[in-house]
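The block underneath contains the structure these notes are about, expressed in structure tokens.
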Amino acid sequence: MKTTLVRVGAWCWLLAPIQFLVLQIIAAAAWAHPYNWFDNYISDLGNTVCGPIKLTGATSTYICSPLHGVMNTAFILAGVLTILGTVLLWRGRYWTRRVLVAVALCLLVANGLGKVLVGFAPENVNLALHGVGALNIPIGSIAAVLLGLAMLRTDRAAGIFSLVVGVVVGFVAFVLFGGGQYLGLGAGGMERLAEYPAEIWLGVIGVLAIVGRPKPVPAASDLTSATERSGD
């Protein structure tokens, strides 16, 4: 039962970023006025009206996303899959139930809720709520850092990967993005540098869980049986 929960939860984590990227590409391709991946925000794809709009840091002022419903669905699905996967992995005891892991997974639930909020409150409908939901970006990076610290003892490579994604890329990029420092990438480019690493991280950890890495720690009863067999 626990193995099934882990496997389903892991697939949720893998599918969340895949569908998010695929539906994003589909929504962007529908723009008659070309969507600029560097100058336009990700949320511009979910904007429900056509016309001039000015958001801080954006250089493109005309937005028209015919498939805004597709993009907002992608936000919501990403959030739901993240939450569902997190709950199932916790219930399946994929990680030892340490405080650090519990805090990290709670943050991932918050990350998922933020994505859902972004999908239900597009930037042109309720910018304040949309902004609250967008906090899922730094929250996801912090969760990656905490889970990375917890994994260092069981899977050093995955732990280091998580720390690099959470600190060096995701969180630093978000701070630069929030401070209006785009390093020549544009507002949309820097937002993606802050957002995408955590999405990639979620999918990678999902794959590791699917293939059973790290290997579960044997139960005490299993260790006892193994000792008895070796002594026979």
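Each chain of the structure tokens is named A, B, ... in the order shown, its residues numbered from 1; ligands are numbered from 1 in display order.
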- Query: Quick one: residues within 12 Å of A:Gly189, only C-alpha atoms counted, chain neighbours fewer than 4 positions away excluded, as a PyMOL selection string?
  - Reply: chain A and resi 36-42+57-59+173-174+176-177+180-185+193-196
- Item | Residues within 8 Å of A:Ala10, only C-alpha atoms, excluding chain neighbours under 5 positions, as number ranges by chain | A: 85, 89, 205-207, 209-210
- Given the choices A:Gly203, A:His33, A:Thr4, A:Gly188, which gets closest to A:Gly92 if the distance is worked out from only C-alpha atoms?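 Closest to A:Gly92, using only C-alpha atoms: A:Thr4.
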- Identify all residues of stretch 41-98 of chain A in alpha helix (DSSP H) (DSSP on the backbone) and supply them as a count of residues only. 24
Identify, on the basis of only C-alpha atoms, every residue whose closest approach to stretch 69-75 of chain A does not exceed 7 Å; exclude the query and any residue fewer than 3 positions from it along the same chain; express the result as a compact mmCIF listing (two decimals) with C-alpha atoms, in the first residue's frame.
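The resulting around_37.txt:
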# COMPACT_ATOMS: atom_id res chain seq x y z
CA GLN A 19 1.79 19.67 -18.16
CA PHE A 20 2.65 23.17 -16.91
CA LEU A 23 0.17 23.93 -21.82
CA GLN A 24 2.27 27.08 -21.50
CA ALA A 27 -1.12 29.01 -24.89
CA LEU A 45 -0.69 33.84 -20.81
CA GLY A 46 -3.57 33.63 -18.33
CA ALA A 78 0.17 22.18 -11.31
CA GLY A 79 -1.03 23.19 -7.85
CA LYS A 115 -0.44 28.03 -7.96
CA VAL A 116 -4.13 27.26 -7.68
CA VAL A 118 -2.81 32.22 -9.48
CA GLY A 119 -5.02 30.19 -11.82
CA PHE A 120 -8.26 31.30 -10.23
- Go ahead and compute the interatomic distance for atom CA of A:Cys64 and atom CA of A:Ile139, in Å to one decimal. 29.3 Å
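Counting only C-alpha atoms and comparing A:Ile83, A:Leu108, A:Ile18, A:Pro52, the residue that lies closest to A:Ile137 is A:Leu108.
Here atom CA of A:Trp201 stands at a distance of 23.2 Å from atom CA of A:Ala28.
Between A:Leu127 and the candidates A:Ser43, A:Ile26, A:Tyr35, A:Pro17, the tightest atom-to-atom separation, counting only C-alpha atoms, involves A:Ser43.
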- Query: What's the 9 Å shell around A:Ser162, counting only C-alpha atoms, without same-chain residues fewer than 5 positions away, as an MDAnalysis selection string?
  - Reply: chainID A and resid 141 144:149 151 157 167 198 201 205
- Backbone-only DSSP, strand (DSSP E or B) members of stretch 7-215 of chain A, as a PyMOL selection string: chain A and resi 51-52+62-63
- Note on the structure: In terms of only C-alpha atoms, the residue from A:Thr86, A:Asn124, A:Asn47, A:Asn111 at minimal distance from A:Pro138 is A:Asn111
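Across the model, the gap from atom CA of A:Val80 to atom CA of A:Leu113 is 7.6 Å.
Residue nearest A:Gly170, chosen from A:Met190, A:Leu14, A:Arg153, A:Ala158 and counting only C-alpha atoms: A:Met190.
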